[in-house]
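**Q** Below you will find the structure I want to go over with you.
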Amino acid sequence: MNIIARTYFWIYIRVHYGFHMKNRIYPLRVVRNIVKARWYRFTGRRRFVLRGIDFAVTYACNFKCEHCYAAKLMDRDRQLMTIGDYRRVCQQAMELGCLCFSLQGGEVFLRKDWREVIGAFQPEYNHILLTTNGSLITEDRVKELKRLGLDTLYFSVDSGIAQEHDAFRKHPGSFQKILTAVEHCKKHKIKVVFNTCVTKQNLYSPGFKKLLDYTHENRILVETIFARCLGNFDGRHEVMLNEADAAYYYQLRKKYPFVVRDLDNNYGQWGCPTVKEVLYITAYGDVCPCPYSHISLGNIQHEPLKVIRERGLKSRWYDHYHAECLTAMDDDFMKLYYPPVEQKSLITLEELEKL
């Protein structure tokens, strides 16, 4: 792909997915955040603008996916966050610059008050995303999501070959349901993104290439997630990418510009955005660096979000942008991180710092 085509797609992706004209203020907030982040970088100040938060609103799920990272985080003895909790954290996050709130699970639609959860994040002012396996999406539900203010629907897709995707998800017919749901989203003007877990095995597969061909043809963003040894992948280091695999992945991206990673979306600079620009909050209020860093920095039931985040930013692991994802590609971090999280679902920042 030549430089003109790459430039066109670069602009298209950022305008289409990055700006939302639901109100006149939102684009100005985006520009403000970028300017502040670049100013901090230019002046050498170790300050960062919070970009987005991922919320696990439930760990209940109707699928049994091979790679589920959230499986071990479910604790039936702990109380889920309430609508009031979400409203409070949303306000605290917005004061830190946050304007993107992502709802995930488990499967979000298994939580009975999912409509109220969406409303708690002020969709009239913020970018609201929701990740689903697609099994419970109908046209009526897409219309309702649009009415509630949802901007972007993320579908978890693992292969462009239906049989492979369905087998990985252990749910026959799920691939076709996603394709049907995509058409509903197009009709009712909800933006679509595919979430894809990239393992050492599927990176080179015909199914992955077919998925990339489909998304390129339909101009659908593919958020690629490098496999980690978490949840159902505990101890399975053979699924993780090495440097040669990563080099092949980036070579593929030259042909498929709709393929991205979260490291590409930063305000400040390219690199691991955990704590600096993104956070993950479990269904029970534990604030973690990201969905794949099961390290509690604190709990929003006990402390304000600002205090918890500042604690994380003091850590040597989160006070700057690392060149690569800590939990997928950073050998030094992974040697410390994986042994304890294979023993229990969540460790504390203090435990990590002692290792």
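Within each chain, counting starts at residue 1; across the structure tokens, chains are named A, B, ... in the order shown, with ligands numbered 1 upward in that order.
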Give me, as JSON lines, the closest atom pair and its distance (Å, one decimal) for every residue of range 229-262 of chain A within a cut-off of 10 Å of range 334-338 of chain A, counting only C-alpha atoms, rows sorted by chain and rising number.
**A**
```
{"residue": "A:Cys229", "atom": "CA", "partner": "A:Tyr338", "partner_atom": "CA", "distance": 7.4}
{"residue": "A:Leu230", "atom": "CA", "partner": "A:Tyr338", "partner_atom": "CA", "distance": 8.2}
{"residue": "A:Asp234", "atom": "CA", "partner": "A:Tyr338", "partner_atom": "CA", "distance": 8.6}
{"residue": "A:Gly235", "atom": "CA", "partner": "A:Tyr338", "partner_atom": "CA", "distance": 8.3}
```
**Q** Generate a file of the selected residues that holds N, CA, C and O atoms, formatted as a CSV table (one decimal), in the first residue's frame.
**A**
```
chain,number,residue,atom,x,y,z
A,229,CYS,N,-1.0,-15.1,29.2
A,229,CYS,CA,-1.2,-16.3,30.0
A,229,CYS,C,-2.1,-16.0,31.2
A,229,CYS,O,-1.7,-16.1,32.3
A,230,LEU,N,-3.4,-15.7,30.9
A,230,LEU,CA,-4.3,-15.3,31.9
A,230,LEU,C,-5.6,-16.1,31.8
A,230,LEU,O,-5.9,-16.6,30.7
A,234,ASP,N,-4.0,-19.7,31.4
A,234,ASP,CA,-3.0,-19.8,32.5
A,234,ASP,C,-1.9,-20.8,32.1
A,234,ASP,O,-2.2,-22.0,31.8
A,235,GLY,N,-0.7,-20.4,32.2
A,235,GLY,CA,0.5,-21.3,32.0
A,235,GLY,C,0.7,-21.7,30.6
A,235,GLY,O,1.7,-22.4,30.3
```
**Q** Quick one: everything within 8 Å of Glu164 in chain A, counting only C-alpha atoms, minus sequence neighbours fewer than 5 positions away in the same chain. Send it as an MDAnalysis selection string.
**A** chainID A and resid 158:159 207
**Q** Among the residues of range 53-281 of chain A, find those DSSP assigns to alpha helix (DSSP H) from the backbone and print them as a VMD selection string.
**A** chain A and resid 83 to 95 114 to 120 139 to 148 162 to 169 174 to 187 206 to 218 243 to 253
**Q** To one decimal place, how far is CA of Lys189 in chain A from CA of Glu107 in chain A in Å?
**A**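 Atom-to-atom, CA of Lys189 in chain A to CA of Glu107 in chain A, that is 22.2 Å.
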**Q** Could you pull the residues within 6 Å of range 284-294 of chain A, counting only C-alpha atoms, minus those fewer than 2 positions along the same chain, as a PyMOL selection string?
**A** chain A and resi 80-81+274-275+279-282+296-300+346
**Q** With only C-alpha atoms as the basis for distance, which of A:Cys197, A:Ser345, A:Arg236, A:Phe258 is at the shortest distance from Asp213 in chain A?
**A**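 Between A:Cys197, A:Ser345, A:Arg236, A:Phe258, the residue approaching Asp213 in chain A most closely is A:Phe258.
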**Q** With distances taken over only C-alpha atoms, which residue among A:Asn232, A:Thr132, A:Gln269, A:Thr138 lies nearest Tyr154 in chain A?
**A**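 Between A:Asn232, A:Thr132, A:Gln269, A:Thr138, the residue approaching Tyr154 in chain A most closely is A:Thr132.
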**Q** Which residues are close to range 39-45 of chain A, i.e. within 12 Å by only C-alpha atoms, leaving aside same-chain residues fewer than 2 positions away? Reply as an MDAnalysis selection string.
**A** chainID A and resid 32:37 47:49 267:270 319:321
**Q** If we count only C-alpha atoms and set the cut-off at 10 Å, which residues sit around Lys209 in chain A, ignoring sequence neighbours fewer than 3 positions away in its own chain? Please answer as a list in words.
**A**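 Non-adjacent residues within range: Ser159, Gly160, Ile161, Asn202, Leu203, Tyr204, Ser205, Pro206, Leu212, Asp213, Tyr214, Thr215, Leu252 and Tyr256 of chain A.
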**Q** Within 9 Å of Glu351 in chain A, counting only C-alpha atoms, which residues show up once you throw out same-chain ones fewer than 4 positions away? Write them as a ChimeraX atom specification, please.
**A** /A:295,347,355
**Q** Would you mind exporting the chosen residues as a PDB file, in the first residue's frame, restricted to C-alpha atoms?
**A**
```pdb
ATOM      1  CA  ILE A 295      -3.014  -5.820  39.777  1.00  0.00           C
ATOM      2  CA  ILE A 347      -2.570  -9.271  43.279  1.00  0.00           C
ATOM      3  CA  LEU A 355       8.862  -9.065  43.768  1.00  0.00           C
TER       4      LEU A 355
END
```
**Q** Env of Leu50 in chain A: 6 Å cut, atoms = only C-alpha atoms, seq-sep filter 2 positions within chain, self excluded. Answer as a count of residues only.
**A** 4
**Q** Under the rule that only C-alpha atoms are counted, which of A:Glu353, A:Asp113, A:Glu183, A:Glu124 is the nearest residue to Val142 in chain A?
**A**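 The shortest atom-to-atom distance to Val142 in chain A comes from A:Glu183.
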**Q** Out of A:Ala283, A:Leu129, A:Met240, A:Val192, which residue has the shortest atom-to-atom distance to Cys100 in chain A when counting only C-alpha atoms?
**A** A:Leu129
**Q** Using DSSP assignments from the backbone, pull out every residue in range 25-128 of chain A that falls under strand (DSSP E) and give it to me as a PyMOL selection string.
**A** chain A and resi 52-56+100-104+127-128
**Q** Would you mind exporting the chosen residues as an mmCIF file, in the first residue's frame, restricted to N, CA and C atoms?
**A**
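Saved the output as result.cif:
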```cif
data_model
loop_
_atom_site.group_PDB
_atom_site.id
_atom_site.type_symbol
_atom_site.label_atom_id
_atom_site.label_comp_id
_atom_site.auth_asym_id
_atom_site.auth_seq_id
_atom_site.Cartn_x
_atom_site.Cartn_y
_atom_site.Cartn_z
ATOM 1 N N GLY A 52 -9.344 6.890 28.836
ATOM 2 C CA GLY A 52 -10.509 6.021 28.909
ATOM 3 C C GLY A 52 -10.415 5.002 30.025
ATOM 4 N N ILE A 53 -11.570 4.462 30.392
ATOM 5 C CA ILE A 53 -11.627 3.413 31.414
ATOM 6 C C ILE A 53 -12.476 2.266 30.891
ATOM 7 N N ASP A 54 -11.976 1.043 31.064
ATOM 8 C CA ASP A 54 -12.731 -0.170 30.772
ATOM 9 C C ASP A 54 -13.381 -0.652 32.070
ATOM 10 N N PHE A 55 -14.668 -0.899 32.027
ATOM 11 C CA PHE A 55 -15.398 -1.399 33.190
ATOM 12 C C PHE A 55 -15.920 -2.797 32.912
ATOM 13 N N ALA A 56 -15.567 -3.735 33.771
ATOM 14 C CA ALA A 56 -16.217 -5.045 33.723
ATOM 15 C C ALA A 56 -17.481 -4.922 34.558
ATOM 16 N N CYS A 100 -13.943 8.587 27.459
ATOM 17 C CA CYS A 100 -14.270 7.322 26.801
ATOM 18 C C CYS A 100 -14.513 6.256 27.872
ATOM 19 N N PHE A 101 -15.705 5.692 27.881
ATOM 20 C CA PHE A 101 -16.067 4.682 28.871
ATOM 21 C C PHE A 101 -16.498 3.412 28.143
ATOM 22 N N SER A 102 -15.798 2.323 28.432
ATOM 23 C CA SER A 102 -16.005 1.051 27.737
ATOM 24 C C SER A 102 -16.589 0.031 28.703
ATOM 25 N N LEU A 103 -17.710 -0.571 28.311
ATOM 26 C CA LEU A 103 -18.377 -1.560 29.150
ATOM 27 C C LEU A 103 -18.133 -2.950 28.582
ATOM 28 N N GLN A 104 -17.730 -3.860 29.455
ATOM 29 C CA GLN A 104 -17.423 -5.212 29.006
ATOM 30 C C GLN A 104 -17.755 -6.200 30.100
ATOM 31 N N HIS A 127 -17.961 9.336 25.047
ATOM 32 C CA HIS A 127 -17.931 8.249 24.062
ATOM 33 C C HIS A 127 -18.170 6.946 24.810
ATOM 34 N N ILE A 128 -19.261 6.268 24.493
ATOM 35 C CA ILE A 128 -19.625 5.037 25.187
ATOM 36 C C ILE A 128 -19.446 3.850 24.247
#
```
**Q** Considering only C-alpha atoms, can you say which of A:Tyr17, A:Ser315, A:Pro123, A:Phe9 comes closest to Glu223 in chain A?
**A**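 So, comparing all the options, the nearest one is A:Tyr17.
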